[in-house]
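Asker: Here it is, the structure in full.
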Amino acid sequence: MIPKGSSIFVMIGAANRDPGKFTNPHTVLPERREVDNVKPVTFSAGPHQCAGREFARLAVATALTTLRDRFPDMRLALPGQGIDYAPDYMLRTPQSLPVVV
């Protein structure tokens, strides 16, 4: 419970990443759906859900499928330390994502 008058900090980039609630929480799964009454918050839920939800899912799935089909051997070309993220506390945004095709 959060005590009355407390400040909270919402990290949008952490949404849907609880391994206790989501299988493979760090994997991009455009088809991710509600499981055991746990609703992904990506596009909200209920009467206030994003009107473009299905279009966004289709666009991401199409883009990733096209990349995979055109470049089947594509893989991350990570430097020694891995991915550097932008200093943004709201979203988890890579500064760059180099790949080998």
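Scheme for the structure tokens: letters A, B, ... for chains in order shown; per-chain residue numbers from 1; ligand numbers from 1 in order shown.
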Would you list, as a ChimeraX atom specification, the residues of chain A that end up in alpha helix (DSSP H) under DSSP run on this structure's backbone?
Answerer: /A:53-70
Asker: Set the distance at 6 Å and use only C-alpha atoms: which residues neighbour range 63-77 of chain A once local chain neighbours fewer than 2 positions away are removed? I'd like the list as a list in words.
Answerer: Val60, Ala61, Pro98, Val99, Val100 and Val101 of chain A
Asker: How many Å lie between CA of Ala59 in chain A and CA of Pro25 in chain A, rounded to one decimal?
Answerer: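 Value for the CA of Ala59 in chain A-CA of Pro25 in chain A distance: 20.4 Å.
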Asker: Give me every strand (DSSP E or B) residue in chain A, going by DSSP on the backbone, as a PyMOL selection string.
Answerer: chain A and resi 35+38+75-76+85+94+99-100
Asker: How about saving the chosen residues, N, CA, C and O atoms kept, as a PDB file, in the first residue's frame?
Answerer:
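Result saved to part-v2.pdb:
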ATOM      1  N   VAL A  35      -3.732 -12.935 -20.024  1.00  0.00           N
ATOM      2  CA  VAL A  35      -3.555 -14.298 -19.538  1.00  0.00           C
ATOM      3  C   VAL A  35      -3.856 -14.295 -18.045  1.00  0.00           C
ATOM      4  O   VAL A  35      -3.355 -13.452 -17.296  1.00  0.00           O
ATOM      5  N   VAL A  38      -4.637 -11.058 -16.282  1.00  0.00           N
ATOM      6  CA  VAL A  38      -3.623 -10.009 -16.259  1.00  0.00           C
ATOM      7  C   VAL A  38      -3.647  -9.342 -17.625  1.00  0.00           C
ATOM      8  O   VAL A  38      -3.399  -9.990 -18.636  1.00  0.00           O
ATOM      9  N   ARG A  75      21.275 -10.316 -37.377  1.00  0.00           N
ATOM     10  CA  ARG A  75      21.463 -10.511 -35.937  1.00  0.00           C
ATOM     11  C   ARG A  75      22.020  -9.232 -35.349  1.00  0.00           C
ATOM     12  O   ARG A  75      22.553  -8.379 -36.062  1.00  0.00           O
ATOM     13  N   LEU A  76      21.887  -9.086 -34.051  1.00  0.00           N
ATOM     14  CA  LEU A  76      22.428  -7.910 -33.380  1.00  0.00           C
ATOM     15  C   LEU A  76      23.943  -7.932 -33.438  1.00  0.00           C
ATOM     16  O   LEU A  76      24.563  -8.985 -33.285  1.00  0.00           O
ATOM     17  N   TYR A  85      21.285   2.629 -23.507  1.00  0.00           N
ATOM     18  CA  TYR A  85      19.948   3.217 -23.551  1.00  0.00           C
ATOM     19  C   TYR A  85      20.011   4.714 -23.299  1.00  0.00           C
ATOM     20  O   TYR A  85      20.853   5.201 -22.554  1.00  0.00           O
ATOM     21  N   PRO A  94      16.765   2.418 -26.883  1.00  0.00           N
ATOM     22  CA  PRO A  94      18.167   2.232 -27.230  1.00  0.00           C
ATOM     23  C   PRO A  94      18.707   3.456 -27.965  1.00  0.00           C
ATOM     24  O   PRO A  94      18.006   4.050 -28.784  1.00  0.00           O
ATOM     25  N   VAL A  99      23.004  -3.807 -36.354  1.00  0.00           N
ATOM     26  CA  VAL A  99      22.749  -5.181 -36.792  1.00  0.00           C
ATOM     27  C   VAL A  99      23.695  -5.552 -37.925  1.00  0.00           C
ATOM     28  O   VAL A  99      24.249  -4.693 -38.616  1.00  0.00           O
ATOM     29  N   VAL A 100      23.884  -6.849 -38.099  1.00  0.00           N
ATOM     30  CA  VAL A 100      24.639  -7.400 -39.218  1.00  0.00           C
ATOM     31  C   VAL A 100      23.625  -8.088 -40.094  1.00  0.00           C
ATOM     32  O   VAL A 100      22.837  -8.904 -39.627  1.00  0.00           O
TER      33      VAL A 100
END
Asker: Pick out the closest residue to Asn16 in chain A from this set: A:Lys39, A:Arg57, A:His48, A:Arg92. Count only C-alpha atoms.
Answerer: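 Under the stated criterion, the closest residue is A:Lys39.
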Asker: Find the residues around Ala86 in chain A up to 12 Å (only C-alpha atoms counted), leave out those fewer than 5 positions away in its own chain, and share them as a compact mmCIF listing (two decimals) with N, CA, C and O atoms, in the first residue's frame.
Answerer:
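New file result_33.txt:
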# COMPACT_ATOMS: atom_id res chain seq x y z
N GLY A 13 8.21 2.48 -19.51
CA GLY A 13 9.06 1.44 -20.10
C GLY A 13 9.07 0.14 -19.33
O GLY A 13 9.50 -0.89 -19.83
N LEU A 91 10.70 5.95 -20.95
CA LEU A 91 10.72 4.89 -21.95
C LEU A 91 12.10 4.26 -21.98
O LEU A 91 13.09 4.88 -21.65
N ARG A 92 12.18 3.03 -22.39
CA ARG A 92 13.45 2.32 -22.51
C ARG A 92 13.84 2.35 -23.98
O ARG A 92 13.45 1.48 -24.76
N THR A 93 14.61 3.37 -24.37
CA THR A 93 14.93 3.60 -25.77
C THR A 93 16.41 3.39 -26.04
O THR A 93 17.25 4.11 -25.48
N PRO A 94 16.76 2.42 -26.88
CA PRO A 94 18.17 2.23 -27.23
C PRO A 94 18.71 3.46 -27.96
O PRO A 94 18.01 4.05 -28.78
N GLN A 95 19.95 3.83 -27.67
CA GLN A 95 20.57 4.94 -28.41
C GLN A 95 20.89 4.51 -29.83
O GLN A 95 20.83 5.31 -30.75
N SER A 96 21.22 3.25 -30.01
CA SER A 96 21.40 2.67 -31.33
C SER A 96 21.22 1.17 -31.21
O SER A 96 21.29 0.61 -30.12
N LEU A 97 20.97 0.54 -32.33
CA LEU A 97 20.76 -0.91 -32.33
C LEU A 97 21.41 -1.46 -33.58
O LEU A 97 20.76 -1.76 -34.59
Asker: What does the distance from CA of Glu54 in chain A to CA of Lys21 in chain A come to in Å, to one decimal?
Answerer: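 Going from CA of Glu54 in chain A over to CA of Lys21 in chain A covers 22.3 Å.
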Asker: Grab the CA of Thr23 in chain A to CA of Ala56 in chain A distance for me, in Å with one decimal place.
Answerer: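 Pair CA of Thr23 in chain A / CA of Ala56 in chain A returns 21.1 Å.
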